>>> print(open('coords.cif').read())   # mmCIF, C-alpha atoms
data_target
#
loop_
_atom_site.label_atom_id
_atom_site.label_comp_id
_atom_site.auth_asym_id
_atom_site.auth_seq_id
_atom_site.Cartn_x
_atom_site.Cartn_y
_atom_site.Cartn_z
CA MET R 1 9.22 -25.88 -9.05
CA ILE R 2 5.90 -24.07 -8.58
CA SER R 3 3.49 -25.85 -6.27
CA PHE R 4 -0.28 -26.28 -6.73
CA PRO R 5 -1.05 -23.92 -3.80
CA GLN R 6 1.09 -21.22 -5.42
CA LEU R 7 -0.50 -21.71 -8.84
CA THR R 8 -4.02 -21.69 -7.42
CA LEU R 9 -3.47 -18.53 -5.39
CA LEU R 10 -1.86 -16.79 -8.35
CA HIS R 11 -4.79 -17.79 -10.57
CA LEU R 12 -7.35 -16.60 -8.00
CA SER R 13 -5.57 -13.26 -7.64
CA LEU R 14 -5.84 -12.65 -11.39
CA ILE R 15 -9.64 -12.94 -11.51
CA GLU R 16 -11.24 -9.53 -11.88
CA GLY R 17 -13.69 -8.74 -9.10
CA VAL R 18 -12.21 -11.26 -6.65
CA GLY R 19 -10.52 -9.21 -3.96
CA ALA R 20 -7.87 -9.93 -1.36
CA ALA R 21 -10.52 -10.47 1.33
CA THR R 22 -12.17 -13.26 -0.66
CA VAL R 23 -8.87 -15.03 -1.32
CA ALA R 24 -7.84 -14.61 2.33
CA ASN R 25 -11.16 -16.19 3.36
CA ILE R 26 -10.43 -19.15 1.08
CA VAL R 27 -6.92 -19.54 2.53
CA ALA R 28 -8.14 -19.35 6.12
CA GLY R 29 -11.15 -21.60 5.66
CA LYS R 30 -9.80 -24.35 3.39
CA PRO R 31 -10.19 -27.74 5.13
CA LEU R 32 -7.06 -29.88 5.25
CA SER R 33 -9.01 -32.61 3.44
CA ILE R 34 -9.38 -30.36 0.37
CA LEU R 35 -6.36 -30.06 -1.92
CA TRP R 36 -5.73 -26.75 -3.64
CA GLN R 37 -6.17 -28.30 -7.08
CA ASP R 38 -9.60 -29.57 -5.98
CA ILE R 39 -10.92 -25.99 -6.08
CA TYR R 40 -10.79 -26.13 -9.87
CA GLY R 41 -13.47 -28.81 -9.87
CA MET R 42 -15.84 -27.07 -7.47
CA SER R 43 -19.24 -25.77 -8.55
CA ILE R 44 -20.81 -22.45 -7.64
CA SER R 45 -22.85 -24.11 -4.91
CA ASP R 46 -19.75 -25.88 -3.56
CA LEU R 47 -17.91 -22.59 -3.19
CA MET R 48 -20.91 -20.87 -1.62
CA ALA R 49 -21.37 -23.65 0.91
CA MET R 50 -17.71 -24.02 1.89
CA TRP R 51 -16.75 -20.35 2.13
CA SER R 52 -20.09 -18.55 2.63
CA MET R 53 -19.50 -16.37 -0.39
CA SER R 54 -22.18 -14.80 -2.57
CA GLU R 55 -23.36 -16.44 -5.74
CA ALA R 56 -21.92 -13.60 -7.81
CA VAL R 57 -18.43 -14.05 -6.35
CA ALA R 58 -18.62 -17.83 -6.70
CA GLN R 59 -19.62 -17.38 -10.34
CA ARG R 60 -16.60 -15.14 -10.97
CA ILE R 61 -14.27 -17.72 -9.40
CA VAL R 62 -15.70 -20.62 -11.40
CA ASP R 63 -15.47 -18.63 -14.65
CA GLY R 64 -11.99 -17.30 -13.83
CA LEU R 65 -10.51 -20.68 -12.93
CA ALA R 66 -12.00 -22.14 -16.12
CA ASP R 67 -9.96 -19.58 -18.10
CA GLY R 68 -6.52 -21.16 -18.10
CA SER R 69 -5.14 -18.42 -20.34
CA LEU R 70 -5.25 -15.98 -17.40
CA LEU R 71 -2.66 -18.02 -15.54
CA GLU R 72 -0.66 -19.00 -18.61
CA ARG R 73 -0.17 -15.39 -19.73
CA GLU R 74 0.98 -14.27 -16.28
CA LEU R 75 3.42 -17.18 -15.90
CA ALA R 76 4.85 -16.42 -19.34
CA LEU R 77 5.40 -12.77 -18.36
CA ILE R 78 7.02 -13.83 -15.10
CA ALA R 79 9.44 -16.09 -16.95
CA THR R 80 10.18 -13.64 -19.78
CA HIS R 81 10.92 -10.69 -17.50
CA ASN R 82 12.52 -12.67 -14.67
CA ILE R 83 10.02 -11.42 -12.10
CA SER R 84 10.02 -12.91 -8.60
CA TRP R 85 6.83 -13.59 -6.68
CA CYS R 86 5.60 -15.27 -3.55
CA THR R 87 2.26 -16.19 -2.03
CA VAL R 88 0.96 -15.64 1.46
CA LEU R 89 1.68 -19.33 2.14
CA ASP R 90 5.40 -19.01 1.37
CA GLU R 91 8.27 -18.44 3.82
CA ARG R 92 9.57 -15.62 1.62
CA TYR R 93 6.40 -13.63 2.19
CA PRO R 94 7.12 -10.68 4.55
CA PRO R 95 6.04 -11.80 8.05
CA LEU R 96 4.69 -8.39 9.12
CA LEU R 97 2.46 -8.25 6.06
CA LYS R 98 1.04 -11.67 6.90
CA GLU R 99 -0.28 -10.23 10.15
CA ILE R 100 -2.71 -7.74 8.59
CA HIS R 101 -6.30 -8.57 7.74
CA ALA R 102 -6.63 -9.98 4.21
CA PRO R 103 -3.00 -9.67 3.11
CA PRO R 104 -2.52 -9.80 -0.66
CA ALA R 105 -2.48 -13.41 -1.82
CA VAL R 106 0.43 -12.75 -4.17
CA LEU R 107 3.30 -10.28 -3.93
CA TYR R 108 5.38 -9.60 -7.03
CA TYR R 109 8.84 -8.15 -6.54
CA ARG R 110 12.13 -7.17 -8.06
CA GLY R 111 15.14 -7.24 -5.78
CA ASN R 112 15.53 -8.50 -2.25
CA VAL R 113 12.15 -9.24 -0.66
CA TYR R 114 13.98 -10.27 2.50
CA ALA R 115 14.68 -6.57 3.04
CA ALA R 116 11.09 -6.48 4.30
CA HIS R 117 11.93 -9.13 6.89
CA ARG R 118 14.19 -6.65 8.69
CA HIS R 119 13.07 -3.78 10.88
CA SER R 120 10.96 -1.79 8.42
CA LEU R 121 9.53 1.66 8.91
CA ALA R 122 7.18 3.50 6.56
CA LEU R 123 8.14 7.09 5.78
CA VAL R 124 5.50 8.88 3.70
CA GLY R 125 4.46 12.39 2.76
CA SER R 126 2.92 14.62 0.14
CA ARG R 127 3.56 14.54 -3.59
CA LYS R 128 3.70 18.33 -3.24
CA VAL R 129 6.40 18.15 -0.57
CA ASN R 130 8.03 21.54 0.05
CA GLU R 131 11.47 22.60 1.26
CA TYR R 132 10.53 22.02 4.89
CA GLY R 133 9.38 18.46 4.17
CA ILE R 134 12.58 17.73 2.26
CA ALA R 135 14.66 19.05 5.16
CA VAL R 136 12.79 16.78 7.57
CA ILE R 137 13.40 13.75 5.33
CA LYS R 138 17.10 14.61 5.13
CA MET R 139 17.18 14.95 8.91
CA LEU R 140 15.45 11.67 9.71
CA VAL R 141 16.72 9.23 7.09
CA PRO R 142 20.46 9.01 7.92
CA ASP R 143 19.78 8.30 11.60
CA LEU R 144 17.13 5.69 10.81
CA VAL R 145 19.46 4.00 8.32
CA ALA R 146 22.32 4.05 10.85
CA ALA R 147 20.00 2.37 13.34
CA GLY R 148 19.38 -0.47 10.87
CA TRP R 149 15.91 0.39 9.58
CA CYS R 150 14.69 -0.47 6.10
CA LEU R 151 12.54 2.46 4.91
CA VAL R 152 9.31 1.78 3.03
CA SER R 153 7.49 4.29 0.85
CA GLY R 154 5.25 4.45 -2.19
CA GLY R 155 7.59 5.26 -5.07
CA ALA R 156 5.61 8.38 -6.01
CA ILE R 157 6.89 11.77 -7.06
CA GLY R 158 7.51 14.10 -4.13
CA ALA R 159 8.16 12.90 -0.57
CA ASP R 160 8.30 9.20 -1.51
CA SER R 161 11.05 9.79 -4.06
CA TRP R 162 13.05 11.86 -1.59
CA VAL R 163 12.78 9.07 1.01
CA HIS R 164 14.03 6.43 -1.43
CA ARG R 165 16.89 8.58 -2.76
CA GLN R 166 18.04 9.76 0.66
CA THR R 167 18.01 6.19 1.97
CA ILE R 168 20.21 5.03 -0.91
CA HIS R 169 22.47 8.07 -0.42
CA ALA R 170 22.85 7.14 3.26
CA GLY R 171 23.82 3.57 2.32
CA GLY R 172 20.55 2.07 3.49
CA THR R 173 17.91 -0.27 2.12
CA THR R 174 14.54 0.89 0.88
CA ILE R 175 11.35 -0.69 -0.46
CA ALA R 176 9.03 0.97 -2.99
CA VAL R 177 5.44 -0.31 -3.07
CA LEU R 178 3.78 0.42 -6.41
CA GLY R 179 0.16 1.11 -7.26
CA SER R 180 0.63 -0.60 -10.62
CA GLY R 181 2.06 -3.81 -12.02
CA LEU R 182 5.84 -4.20 -12.15
CA LEU R 183 5.83 -4.16 -15.95
CA LYS R 184 4.02 -0.81 -15.93
CA PRO R 185 5.92 0.97 -13.14
CA TYR R 186 4.31 4.21 -12.08
CA PRO R 187 5.41 6.92 -12.31
CA GLN R 188 7.48 6.19 -15.41
CA SER R 189 9.79 9.08 -14.53
CA ASN R 190 10.98 7.05 -11.50
CA LYS R 191 11.99 3.97 -13.47
CA THR R 192 15.69 4.76 -13.01
CA LEU R 193 15.09 5.23 -9.28
CA PHE R 194 13.31 1.86 -9.07
CA ASP R 195 16.27 0.19 -10.82
CA GLU R 196 18.67 1.82 -8.35
CA ILE R 197 16.59 0.65 -5.37
CA VAL R 198 16.98 -2.93 -6.60
CA GLU R 199 20.69 -2.52 -7.37
CA LYS R 200 21.35 -1.24 -3.84
CA GLY R 201 19.79 -4.25 -2.12
CA GLY R 202 16.21 -3.06 -1.73
CA ALA R 203 13.04 -4.13 -3.47
CA VAL R 204 10.23 -2.84 -5.66
CA VAL R 205 7.03 -4.70 -4.86
CA SER R 206 3.44 -4.79 -6.05
CA PRO R 207 0.30 -6.80 -5.28
CA PHE R 208 -1.05 -6.17 -8.78
CA ALA R 209 -0.83 -8.30 -11.92
CA LEU R 210 2.28 -7.50 -13.92
CA GLN R 211 0.56 -5.42 -16.59
CA ALA R 212 -1.91 -3.63 -14.30
CA SER R 213 -2.12 0.11 -14.92
CA ALA R 214 -1.93 2.70 -12.13
CA LEU R 215 -5.64 3.25 -11.61
CA PRO R 216 -6.54 5.62 -8.75
CA GLY R 217 -8.48 2.79 -7.13
CA ASN R 218 -5.25 0.79 -6.73
CA PHE R 219 -3.73 3.23 -4.29
CA PRO R 220 -5.67 2.30 -1.15
CA ALA R 221 -4.36 -1.26 -1.55
CA ARG R 222 -0.86 0.12 -2.13
CA ASN R 223 -1.10 2.30 0.99
CA ARG R 224 -2.36 -0.62 3.09
CA ILE R 225 0.70 -2.64 2.07
CA ILE R 226 3.13 0.20 2.86
CA SER R 227 1.85 0.27 6.43
CA GLY R 228 1.49 -3.51 6.55
CA LEU R 229 5.16 -4.04 5.75
CA SER R 230 6.22 -1.68 8.54
CA LYS R 231 6.42 -1.64 12.32
CA GLY R 232 5.53 2.02 12.31
CA CYS R 233 4.53 4.83 9.97
CA VAL R 234 6.10 8.29 9.96
CA VAL R 235 4.12 11.02 8.19
CA VAL R 236 6.35 13.92 7.16
CA GLN R 237 3.74 16.09 5.46
CA ALA R 238 0.10 15.44 4.61
CA ALA R 239 -2.80 17.62 3.59
CA ALA R 240 -6.14 17.18 5.32
CA GLN R 241 -7.17 14.88 2.48
CA SER R 242 -4.23 12.87 1.17
CA GLY R 243 -2.89 9.44 0.42
CA ALA R 244 -0.25 9.78 3.15
CA LEU R 245 -2.99 10.34 5.73
CA ILE R 246 -4.81 7.24 4.47
CA THR R 247 -1.60 5.22 4.91
CA ALA R 248 -1.40 6.43 8.51
CA HIS R 249 -5.02 5.46 9.18
CA TYR R 250 -4.31 1.97 7.84
CA ALA R 251 -1.31 1.79 10.17
CA LEU R 252 -3.55 2.70 13.12
CA ASP R 253 -6.07 0.02 12.10
CA GLN R 254 -3.24 -2.52 11.84
CA GLY R 255 -2.01 -1.71 15.34
CA ARG R 256 1.23 -0.16 14.09
CA ASP R 257 2.95 2.88 15.61
CA VAL R 258 2.15 6.21 13.97
CA PHE R 259 4.41 9.27 14.14
CA ALA R 260 3.65 12.73 12.76
CA VAL R 261 5.93 15.68 12.05
CA PRO R 262 4.39 19.03 13.05
CA GLY R 263 4.53 22.11 10.88
CA SER R 264 3.16 25.59 10.54
CA ILE R 265 -0.56 25.97 11.26
CA ALA R 266 -0.66 28.11 8.11
CA ASP R 267 0.71 25.30 5.92
CA PRO R 268 -2.02 23.07 4.39
CA LEU R 269 0.59 20.29 4.04
CA SER R 270 0.81 20.04 7.83
CA ALA R 271 -2.94 19.89 8.48
CA GLY R 272 -3.03 16.10 8.17
CA CYS R 273 -0.09 15.66 10.55
CA HIS R 274 -1.74 17.87 13.16
CA HIS R 275 -4.94 15.85 12.80
CA LEU R 276 -2.99 12.65 13.45
CA VAL R 277 -1.46 14.13 16.61
CA GLN R 278 -4.95 15.00 17.80
CA GLN R 279 -5.88 11.36 17.25
CA GLY R 280 -2.98 10.13 19.38
CA ALA R 281 -0.04 9.85 16.95
CA LYS R 282 3.33 10.62 18.51
CA LEU R 283 4.58 14.09 17.62
CA ILE R 284 8.21 13.96 16.54
CA HIS R 285 10.84 16.63 16.07
CA SER R 286 13.90 14.37 15.73
CA SER R 287 14.86 10.82 14.88
CA ASN R 288 15.34 10.17 18.59
CA ASP R 289 11.59 10.50 19.07
CA ILE R 290 11.13 7.54 16.72
CA LEU R 291 14.12 5.44 17.78
CA SER R 292 13.33 5.75 21.48
CA GLU R 293 10.08 3.88 20.85
CA TYR R 294 12.20 0.89 19.81
CA GLY R 295 14.92 1.16 22.44
CA GLN R 296 17.35 3.01 20.15
CA GLN R 297 18.74 6.53 19.98
CA THR R 298 21.12 8.73 18.00
CA SER R 299 23.80 11.02 19.35
CA LEU R 300 22.96 13.93 17.02
CA THR R 301 21.02 16.82 18.45
CA VAL R 302 18.03 18.26 16.62
CA ALA R 303 19.92 21.44 15.76
CA GLN R 304 22.86 19.49 14.33
CA SER R 305 20.56 17.29 12.27
CA MET R 306 18.61 20.21 10.85
CA LYS R 307 21.75 22.16 10.04
CA ALA R 308 23.11 19.21 8.09
CA ALA R 309 19.82 18.60 6.33
CA VAL R 310 18.48 21.99 5.27
CA THR R 311 19.31 22.96 1.69
CA SER R 312 17.70 25.41 -0.67
CA ASP R 313 19.42 24.58 -3.93
CA LYS R 314 17.03 21.84 -5.10
CA GLN R 315 13.57 22.40 -6.48
CA ILE R 316 10.79 19.87 -6.57
CA SER R 317 9.88 18.63 -10.03
CA GLY R 318 6.38 19.16 -11.42
CA ILE R 319 3.58 16.79 -10.57
CA GLU R 320 2.60 14.37 -13.28
CA SER R 321 -0.93 14.27 -14.57
CA ARG R 322 -1.68 10.96 -12.85
CA ASP R 323 -0.47 12.35 -9.54
CA GLN R 324 -2.88 15.23 -10.03
CA VAL R 325 -5.66 12.72 -10.50
CA VAL R 326 -4.74 10.88 -7.33
CA ASP R 327 -4.01 13.95 -5.21
CA GLY R 328 -6.46 16.30 -6.88
CA LYS R 329 -9.63 17.68 -5.40
CA ALA R 330 -12.01 14.95 -4.34
CA PRO R 331 -15.78 15.16 -4.69
CA ALA R 332 -17.33 17.72 -2.35
CA LYS R 333 -19.07 16.35 0.68
CA THR R 334 -22.22 18.12 -0.37
CA THR R 335 -22.57 15.77 -3.33
CA GLN R 336 -24.21 12.55 -2.23
CA HIS R 337 -22.64 9.66 -4.12
CA PRO R 338 -24.75 6.49 -4.51
CA LEU R 339 -22.01 4.49 -2.78
CA VAL R 340 -22.53 6.57 0.36
CA ASP R 341 -26.13 5.36 0.63
CA LEU R 342 -25.04 1.76 0.06
CA CYS R 343 -22.45 2.03 2.82
CA LYS R 344 -24.68 3.35 5.58
CA VAL R 345 -24.16 -0.20 6.76
CA PRO R 346 -20.69 -1.79 6.32
CA ARG R 347 -20.21 -3.38 2.89
CA SER R 348 -17.46 -5.53 1.44
CA LEU R 349 -15.97 -4.81 -1.97
CA ASP R 350 -17.69 -7.88 -3.38
CA GLU R 351 -21.06 -6.69 -2.06
CA LEU R 352 -20.52 -3.26 -3.60
CA LEU R 353 -19.61 -4.81 -6.95
CA SER R 354 -22.96 -6.61 -7.00
CA ALA R 355 -25.07 -3.78 -5.60
CA SER R 356 -23.60 -0.82 -7.48
CA HIS R 357 -23.57 -2.39 -10.98
CA MET R 358 -20.17 -0.74 -11.51
CA ASP R 359 -17.18 -2.59 -12.90
CA TYR R 360 -14.14 -3.20 -10.71
CA ALA R 361 -12.08 -0.25 -12.03
CA GLN R 362 -14.97 2.21 -11.74
CA LEU R 363 -15.82 1.06 -8.23
CA THR R 364 -12.30 1.13 -6.80
CA THR R 365 -11.66 4.55 -8.36
CA ALA R 366 -14.86 5.95 -6.86
CA LEU R 367 -14.07 4.47 -3.44
CA PHE R 368 -10.57 5.97 -3.51
CA ASP R 369 -11.91 9.44 -4.33
CA LEU R 370 -14.52 9.21 -1.58
CA GLN R 371 -11.90 7.94 0.89
CA VAL R 372 -9.55 10.83 0.14
CA ALA R 373 -12.50 13.23 0.54
CA GLY R 374 -13.18 11.83 3.99
CA ILE R 375 -16.65 10.65 2.97
CA MET R 376 -15.87 6.92 3.11
CA ARG R 377 -13.47 4.80 5.12
CA GLN R 378 -12.32 1.19 4.99
CA ASP R 379 -11.85 -0.57 8.30
CA PHE R 380 -9.23 -3.19 9.15
CA LEU R 381 -11.66 -5.95 8.12
CA GLY R 382 -11.83 -4.48 4.62
CA MET R 383 -15.43 -3.27 5.05
CA TRP R 384 -16.43 0.11 3.60
CA HIS R 385 -18.38 2.61 5.73
CA ALA R 386 -19.93 5.99 4.99
CA VAL R 387 -18.61 8.59 7.43
CA ASP R 388 -20.92 10.73 9.57
CA VAL R 389 -24.20 9.34 8.22
#
>>> encode(input="coords.cif", output="structure tokens")
Amino acid sequence: MISFPQLTLLHLSLIEGVGAATVANIVAGKPLSILWQDIYGMSISDLMAMWSMSEAVAQRIVDGLADGSLLERELALIATHNISWCTVLDERYPPLLKEIHAPPAVLYYRGNVYAAHRHSLALVGSRKVNEYGIAVIKMLVPDLVAAGWCLVSGGAIGADSWVHRQTIHAGGTTIAVLGSGLLKPYPQSNKTLFDEIVEKGGAVVSPFALQASALPGNFPARNRIISGLSKGCVVVQAAAQSGALITAHYALDQGRDVFAVPGSIADPLSAGCHHLVQQGAKLIHSSNDILSEYGQQTSLTVAQSMKAAVTSDKQISGIESRDQVVDGKAPAKTTQHPLVDLCKVPRSLDELLSASHMDYAQLTTALFDLQVAGIMRQDFLGMWHAVDV
């Protein structure tokens, strides 16, 4: 039976323009004397007074909770498609994810969410992963699986897909975190892979409503969850401006271990990894460099691992159009975006929604592009800053 706290958190998470930080603030600041169902009867002024939120956010919450169809439609989809879900208040919710600032109020999943309760390690890289990156993944994954690690990645074409497939091939458990709703899995070409992840004891998870599309602005939240589910983050390949690098920065903000694989100084896909090493990430050249951080080791030497891993008979499939949008060229730093001026002082997403007069999709897409370009960053409190202003 679904409890009132679960229903209320699910309903709040469905309201457009009400972010994870706002819901987390409500969870943390709710007095014991207030029941979750009491929130439905609160006025704008009540919400503002109790949780120090802006009038605009309070208005969205009052309007959203008054729309019962939002919740009814989502519950009907959950029942029809046999989707599992948990809230941040539930025991099923991954404990590591609970530790981050403003964890998603609701996590939807297919498969075994308890896989995330084990030792989990993020393994991420470029959508344009090359033969070297694939060889590294093939070198690392079997040892990590043998040591009992559940490997977390983003389900995307390229390095993510190789991580998931190699983990399954090695008999391990893997988790794919999507940047879309579970009923609109992205990329569609990986639907069979997602089904196999579930069949082999892993999980496909998402913080987004079931029918949410894969907007570029969703990917920072997806990346934050990849690192949040994991004790550490291993970056195999990353360009100077890439989603994998953003995942690593979130891991650093969350106090998680960060590991980077070096490469050729002439390879743009290694530039991000070298930058991470300069920032203090641990340079790795074998699985032992990771496992030793956790009191484990493998008996294979680096040469043996590489010899077993390197293959040249497989080519990487083309990049889908949406991946090109996400990993494509970001706005040049010479172009001053209005959001940069707004974020000369730290701003929350709710503040930017009010000040920018953009809708939620436009705003999150713009912030993602600026983040990838290195013009904006989001700190561990969820506040957005302009860089080098």
>>> resolve_selection(input="coords.cif", expression="the PyMOL selection byres ((chain R and resi 99-105) around 7)", output="NGL selection string")
:R and (9 or 13 or 20-21 or 23-24 or 87-88 or 95-98 or 106-107 or 207 or 228 or 254 or 380-381)
>>> write_last_selection(input="coords.cif", atoms="C-alpha atoms", output="PDB file, in the frame of the given file")
ATOM      1  CA  LEU R   9      -3.470 -18.530  -5.390  1.00  0.00           C
ATOM      2  CA  SER R  13      -5.570 -13.260  -7.640  1.00  0.00           C
ATOM      3  CA  ALA R  20      -7.870  -9.930  -1.360  1.00  0.00           C
ATOM      4  CA  ALA R  21     -10.520 -10.470   1.330  1.00  0.00           C
ATOM      5  CA  VAL R  23      -8.870 -15.030  -1.320  1.00  0.00           C
ATOM      6  CA  ALA R  24      -7.840 -14.610   2.330  1.00  0.00           C
ATOM      7  CA  THR R  87       2.260 -16.190  -2.030  1.00  0.00           C
ATOM      8  CA  VAL R  88       0.960 -15.640   1.460  1.00  0.00           C
ATOM      9  CA  PRO R  95       6.040 -11.800   8.050  1.00  0.00           C
ATOM     10  CA  LEU R  96       4.690  -8.390   9.120  1.00  0.00           C
ATOM     11  CA  LEU R  97       2.460  -8.250   6.060  1.00  0.00           C
ATOM     12  CA  LYS R  98       1.040 -11.670   6.900  1.00  0.00           C
ATOM     13  CA  VAL R 106       0.430 -12.750  -4.170  1.00  0.00           C
ATOM     14  CA  LEU R 107       3.300 -10.280  -3.930  1.00  0.00           C
ATOM     15  CA  PRO R 207       0.300  -6.800  -5.280  1.00  0.00           C
ATOM     16  CA  GLY R 228       1.490  -3.510   6.550  1.00  0.00           C
ATOM     17  CA  GLN R 254      -3.240  -2.520  11.840  1.00  0.00           C
ATOM     18  CA  PHE R 380      -9.230  -3.190   9.150  1.00  0.00           C
ATOM     19  CA  LEU R 381     -11.660  -5.950   8.120  1.00  0.00           C
TER      20      LEU R 381
END
>>> resolve_selection(input="coords.cif", expression="the PyMOL selection byres ((chain R and resi 113-121) around 10)", output="NGL selection string")
:R and (84-86 or 92-97 or 107-112 or 122-124 or 144 or 147-153 or 173-175 or 198 or 201-205 or 226-234 or 256-257 or 290)
>>> atom_distance(input="coords.cif", atom1="CA of Lys128 (chain R)", atom2="CA of Gly158 (chain R)")
5.8 Å
>>> axis_aligned_box(input="coords.cif", around="region 117-133 of chain R", padding_each_side="6 Å", output="lines of an AutoDock Vina configuration file")
center_x = 8.6
center_y = 6.7
center_z = 3.6
size_x = 23.3
size_y = 43.7
size_z = 26.5
>>> residues_near_point(input="coords.cif", point="(21.9, 5.8, 2.9)", cutoff="8 Å", atoms="only C-alpha atoms", output="ChimeraX atom specification")
/R:141-142,145,166-173
>>> residues_around(input="coords.cif", residues="region 262-265 of chain R", least_positions_apart="4", cutoff="7 Å", atoms="only C-alpha atoms", output="PDB file with C-alpha atoms, in the frame of the given file")
ATOM      1  CA  SER R 270       0.810  20.040   7.830  1.00  0.00           C
ATOM      2  CA  CYS R 273      -0.090  15.660  10.550  1.00  0.00           C
ATOM      3  CA  HIS R 274      -1.740  17.870  13.160  1.00  0.00           C
ATOM      4  CA  LEU R 283       4.580  14.090  17.620  1.00  0.00           C
TER       5      LEU R 283
END
>>> atom_distance(input="coords.cif", atom1="CA of Ala361 (chain R)", atom2="CA of Asn218 (chain R)")
8.7 Å
>>> residues_near_point(input="coords.cif", point="(-14.9, 9.8, -0.5)", cutoff="9 Å", atoms="only C-alpha atoms", output="short mmCIF file (atom, residue, chain, number, x, y, z; two decimals) with C-alpha atoms, in the coordinates of the input")
data_model
loop_
_atom_site.label_atom_id
_atom_site.label_comp_id
_atom_site.auth_asym_id
_atom_site.auth_seq_id
_atom_site.Cartn_x
_atom_site.Cartn_y
_atom_site.Cartn_z
CA ALA R 330 -12.01 14.95 -4.34
CA PRO R 331 -15.78 15.16 -4.69
CA ALA R 332 -17.33 17.72 -2.35
CA LYS R 333 -19.07 16.35 0.68
CA HIS R 337 -22.64 9.66 -4.12
CA VAL R 340 -22.53 6.57 0.36
CA ALA R 366 -14.86 5.95 -6.86
CA LEU R 367 -14.07 4.47 -3.44
CA PHE R 368 -10.57 5.97 -3.51
CA ASP R 369 -11.91 9.44 -4.33
CA LEU R 370 -14.52 9.21 -1.58
CA GLN R 371 -11.90 7.94 0.89
CA VAL R 372 -9.55 10.83 0.14
CA ALA R 373 -12.50 13.23 0.54
CA GLY R 374 -13.18 11.83 3.99
CA ILE R 375 -16.65 10.65 2.97
CA MET R 376 -15.87 6.92 3.11
CA ARG R 377 -13.47 4.80 5.12
CA ALA R 386 -19.93 5.99 4.99
CA VAL R 387 -18.61 8.59 7.43
#
>>> atom_distance(input="coords.cif", atom1="CA of Asp143 (chain R)", atom2="CA of Gly255 (chain R)")
24.3 Å
